[in-house]
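Peer 1: Would you mind keeping the following structure in view while I ask a few things?
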Amino acid sequence: AGKGTTKVKASKGGYGIPLPNIEAVDQGFAKSVLRRRTQGFGPLPKLGKERGRKLGTYDKNWRTQRWPAFPEDFDWGYFNAAPLDMQVEGFLKNKETLQLVNALPGGGDYSTALPGIRVRVFFELKDGHWKEPKMNLDTVWVDTEKSKLVLVWRGLAELRSDEPEETVENILIAEESGSQYKADATEYYQRFKEKIALDEEIEEIKAEEPELGVNIDKVMESIDEQILSALEKSGM
């Protein structure tokens with residue numbers, strides 16, 4: 001945690017703003033604490049100077065012409081909460097290696113590589129159309145205490161309504177490894193519709209025969225456990 005920018009009373013009298021706990025190696029000691037760039041590994045505050053300046057102008061023109069949308073001079077980089085020296089140009093390729101020096105609790109280095117997987121998202125619209133927006137890996141979050149990586153993909157899909165439930169019937173999320181065969185959107189659609197049809201048949205059976213339905217649930221759980229076990233043994 002930082003020291004903040006509130007003036008405190010000094011031991012020898014007078015008031016001043018405490019020096020920060022962390023300084024950038026290329027920044028030096030600025031005359032004013034308030035001019036220093038925020039340092040650290042956590043997300044930048046939403047209204048901090050680094051992100052706040054990207055919010056744009058909220059004036060009478062915005063209220064009459066743009067509200068509730070963002071102003072014309074809004075910088076979409078506002079949503080990138082990573083410190084500036086931890087941002088990259090464009091998107092990640094999911095082939096990068098990471099090395100964090102002295103980042104483990106008690107000291108020590110942390111090294112790993114991104115898994116190289118692909119994430120695909122498909123939308124089945126209520127009018128029957130099947131869409132696949134392009135997904136981009138734009139965020140990597142590292143939890144060194146748990147040795148865990150969190151990867152975030154984002155994509156854009158144009159919909160006819162601001163309320164997704166009014167337009168989207170189903171969403172399918174798929175994961176593919178780098179060496180795995182890349183199925184086309186039509187093949188995913190066929191698999192998806194077969195799975196939906198199977199689920200509907202199972203629900204009908206469970207409604208007609210409640211006792212049989214309980215056994216079906218147990219069988220499905222057993223199949224899921226066997227699949228997960230096989231994936232773990234194969235190293236996937």
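Labels for the structure tokens follow display order: chains A, B, ..., residues from 1 in each chain, ligands from 1.
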Just want the 8 Å neighbourhood of A:Pro71, counted on only C-alpha atoms, with same-chain residues fewer than 5 positions away dropped. Output as a compact mmCIF listing (two decimals) with N, CA, C and O atoms, in the first residue's frame.
Peer 2:
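File produced: around-v3.txt:
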# COMPACT_ATOMS: atom_id res chain seq x y z
N GLY A 56 -12.38 11.55 -21.14
CA GLY A 56 -13.00 12.45 -22.10
C GLY A 56 -13.71 13.63 -21.44
O GLY A 56 -13.60 13.86 -20.24
N THR A 57 -14.48 14.35 -22.25
CA THR A 57 -15.14 15.58 -21.81
C THR A 57 -16.64 15.37 -21.62
O THR A 57 -17.34 14.95 -22.55
N TYR A 58 -17.10 15.68 -20.43
CA TYR A 58 -18.53 15.52 -20.10
C TYR A 58 -19.13 16.91 -19.91
O TYR A 58 -19.15 17.45 -18.81
N TRP A 62 -22.06 16.76 -24.59
CA TRP A 62 -22.17 15.33 -24.29
C TRP A 62 -23.55 14.98 -23.77
O TRP A 62 -24.15 13.98 -24.18
N ARG A 66 -24.60 12.91 -26.82
CA ARG A 66 -23.97 11.60 -26.68
C ARG A 66 -24.54 10.73 -25.56
O ARG A 66 -24.48 9.51 -25.64
Peer 1: From the DSSP assignment of the backbone, select every residue of stretch 40-99 of chain A that is helix (DSSP H, G or I), and format the answer as an NGL selection string.
Peer 2: :A and (49-52 or 60-66 or 76-79 or 84-86)
Peer 1: Enumerate as a list in words all residues of stretch 40-113 of chain A assigned to strand (DSSP E or B) by DSSP on the backbone, naming them with the chain letters and numbers the document uses.
Peer 2: Leu92, Thr97, Leu98, Gln99, Leu100, Tyr110, Ser111, Thr112 and Ala113 of chain A
Peer 1: For A:Val101, which residue among A:Gly16, A:Leu156, A:Thr144, A:Tyr78 is the nearest when counting only C-alpha atoms?
Peer 2: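 Of A:Gly16, A:Leu156, A:Thr144, A:Tyr78, the one nearest A:Val101, counting only C-alpha atoms, is A:Thr144.
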Peer 1: If you measure from atom CA of A:Ser111 to atom CA of A:Gln99, what distance in Å do you get, rounded to one decimal?
Peer 2: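 These atoms are spaced 4.4 Å apart.
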Peer 1: Go through stretch 15-134 of chain A residue by residue and, counting only C-alpha atoms, keep those with an atom at most 7 Å from stretch 166-172 of chain A; for each kept residue give the shortest atom pair and its distance in Å to one decimal, ordered by chain and increasing number, as a Markdown table.
Peer 2:
| residue | atom | partner | partner_atom | distance |
| --- | --- | --- | --- | --- |
| A:Val121 | CA | A:Leu172 | CA | 5.7 |
| A:Phe122 | CA | A:Leu172 | CA | 5.1 |
| A:Phe123 | CA | A:Ile171 | CA | 4.8 |
| A:Glu124 | CA | A:Asn170 | CA | 5.0 |
| A:Leu125 | CA | A:Val168 | CA | 4.4 |
| A:Lys126 | CA | A:Glu169 | CA | 5.1 |
Peer 1: Next, the residues of the selection above should be written as a compact mmCIF listing (two decimals), in the first residue's frame with C-alpha atoms.
Peer 2:
# COMPACT_ATOMS: atom_id res chain seq x y z
CA VAL A 121 -16.93 -18.00 -28.80
CA PHE A 122 -20.04 -18.64 -30.87
CA PHE A 123 -23.47 -16.96 -30.70
CA GLU A 124 -26.70 -18.57 -31.82
CA LEU A 125 -29.08 -15.69 -32.47
CA LYS A 126 -32.84 -15.95 -32.11
Peer 1: Find the distance between atom CA of A:Tyr189 and atom CA of A:Lys206 and write it in Å to one decimal.
Peer 2: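 Atom CA of A:Lys206 lies 25.8 Å from atom CA of A:Tyr189.
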Peer 1: Have a look at atom CA of A:Pro45 and atom CA of A:Asp138 and let me know their distance in Å, one decimal.
Peer 2: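 Computing it gives 18.8 Å between the two atoms.
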Peer 1: Let me make sure I understand: among A:Asp59, A:Lys193, A:Val140, A:Gly48, which one has the smallest atom-to-atom distance to A:Glu96 if we use only C-alpha atoms?
Peer 2: A:Val140
Peer 1: Name all residues at most 12 Å from A:Met86 (count only C-alpha atoms; drop same-chain ones fewer than 6 positions away) and give them as a JSON list (two decimals) with N, CA and C atoms, in the first residue's frame.
Peer 2:
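Written file, part.json:
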[["chain", "number", "residue", "atom", "x", "y", "z"],
["A", 39, "GLN", "N", 3.24, 3.70, -9.01],
["A", 39, "GLN", "CA", 4.08, 2.51, -9.18],
["A", 39, "GLN", "C", 3.47, 1.33, -8.43],
["A", 40, "GLY", "N", 3.77, 0.14, -8.95],
["A", 40, "GLY", "CA", 3.26, -1.07, -8.32],
["A", 40, "GLY", "C", 2.84, -2.08, -9.37],
["A", 41, "PHE", "N", 2.34, -3.24, -8.90],
["A", 41, "PHE", "CA", 1.94, -4.30, -9.82],
["A", 41, "PHE", "C", 0.42, -4.42, -9.92],
["A", 42, "GLY", "N", -0.31, -3.70, -9.10],
["A", 42, "GLY", "CA", -1.76, -3.80, -9.12],
["A", 42, "GLY", "C", -2.40, -2.89, -10.16],
["A", 43, "PRO", "N", -3.72, -2.99, -10.35],
["A", 43, "PRO", "CA", -4.42, -2.15, -11.33],
["A", 43, "PRO", "C", -4.39, -0.68, -10.92],
["A", 44, "LEU", "N", -4.31, 0.18, -11.91],
["A", 44, "LEU", "CA", -4.34, 1.62, -11.65],
["A", 44, "LEU", "C", -5.75, 2.02, -11.22],
["A", 80, "ASN", "N", -7.81, -0.26, -19.83],
["A", 80, "ASN", "CA", -6.58, -1.00, -19.56],
["A", 80, "ASN", "C", -6.05, -0.52, -18.22],
["A", 98, "LEU", "N", 7.05, -15.49, -19.26],
["A", 98, "LEU", "CA", 7.03, -14.49, -18.20],
["A", 98, "LEU", "C", 8.12, -14.79, -17.19],
["A", 100, "LEU", "N", 9.23, -13.03, -13.46],
["A", 100, "LEU", "CA", 9.06, -12.02, -12.42],
["A", 100, "LEU", "C", 10.19, -12.21, -11.41],
["A", 138, "ASP", "N", -6.07, -10.19, -24.28],
["A", 138, "ASP", "CA", -5.59, -8.84, -23.97],
["A", 138, "ASP", "C", -5.18, -8.65, -22.51],
["A", 139, "THR", "N", -5.38, -9.66, -21.66],
["A", 139, "THR", "CA", -5.04, -9.49, -20.24],
["A", 139, "THR", "C", -4.44, -10.77, -19.67],
["A", 140, "VAL", "N", -3.36, -10.62, -18.94],
["A", 140, "VAL", "CA", -2.77, -11.72, -18.17],
["A", 140, "VAL", "C", -2.61, -11.23, -16.73],
["A", 141, "TRP", "N", -3.20, -11.94, -15.80],
["A", 141, "TRP", "CA", -3.10, -11.59, -14.39],
["A", 141, "TRP", "C", -2.36, -12.72, -13.68]]
Peer 1: Give me the residues within 9 Å of A:Arg120 as a list of chain:residue names, counting only C-alpha atoms and dropping any in the same chain fewer than 3 places off.
Peer 2: A:Glu132, A:Pro133, A:Lys134, A:Met135, A:Leu172, A:Ile173, A:Ala174, A:Glu175, A:Glu176
Peer 1: Restricting it to C-alpha atoms, dump the selection as a PDB file, in the first residue's frame.
Peer 2:
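Output (again-v8.pdb):
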ATOM      1  CA  GLU A 132     -18.189 -16.195 -34.275  1.00  0.00           C
ATOM      2  CA  PRO A 133     -16.534 -12.919 -33.197  1.00  0.00           C
ATOM      3  CA  LYS A 134     -12.746 -12.784 -33.244  1.00  0.00           C
ATOM      4  CA  MET A 135     -11.342 -13.256 -29.742  1.00  0.00           C
ATOM      5  CA  LEU A 172     -20.911 -21.655 -26.895  1.00  0.00           C
ATOM      6  CA  ILE A 173     -17.336 -21.251 -25.598  1.00  0.00           C
ATOM      7  CA  ALA A 174     -14.658 -23.624 -26.904  1.00  0.00           C
ATOM      8  CA  GLU A 175     -10.980 -24.103 -26.116  1.00  0.00           C
ATOM      9  CA  GLU A 176      -8.431 -25.481 -28.584  1.00  0.00           C
TER      10      GLU A 176
END
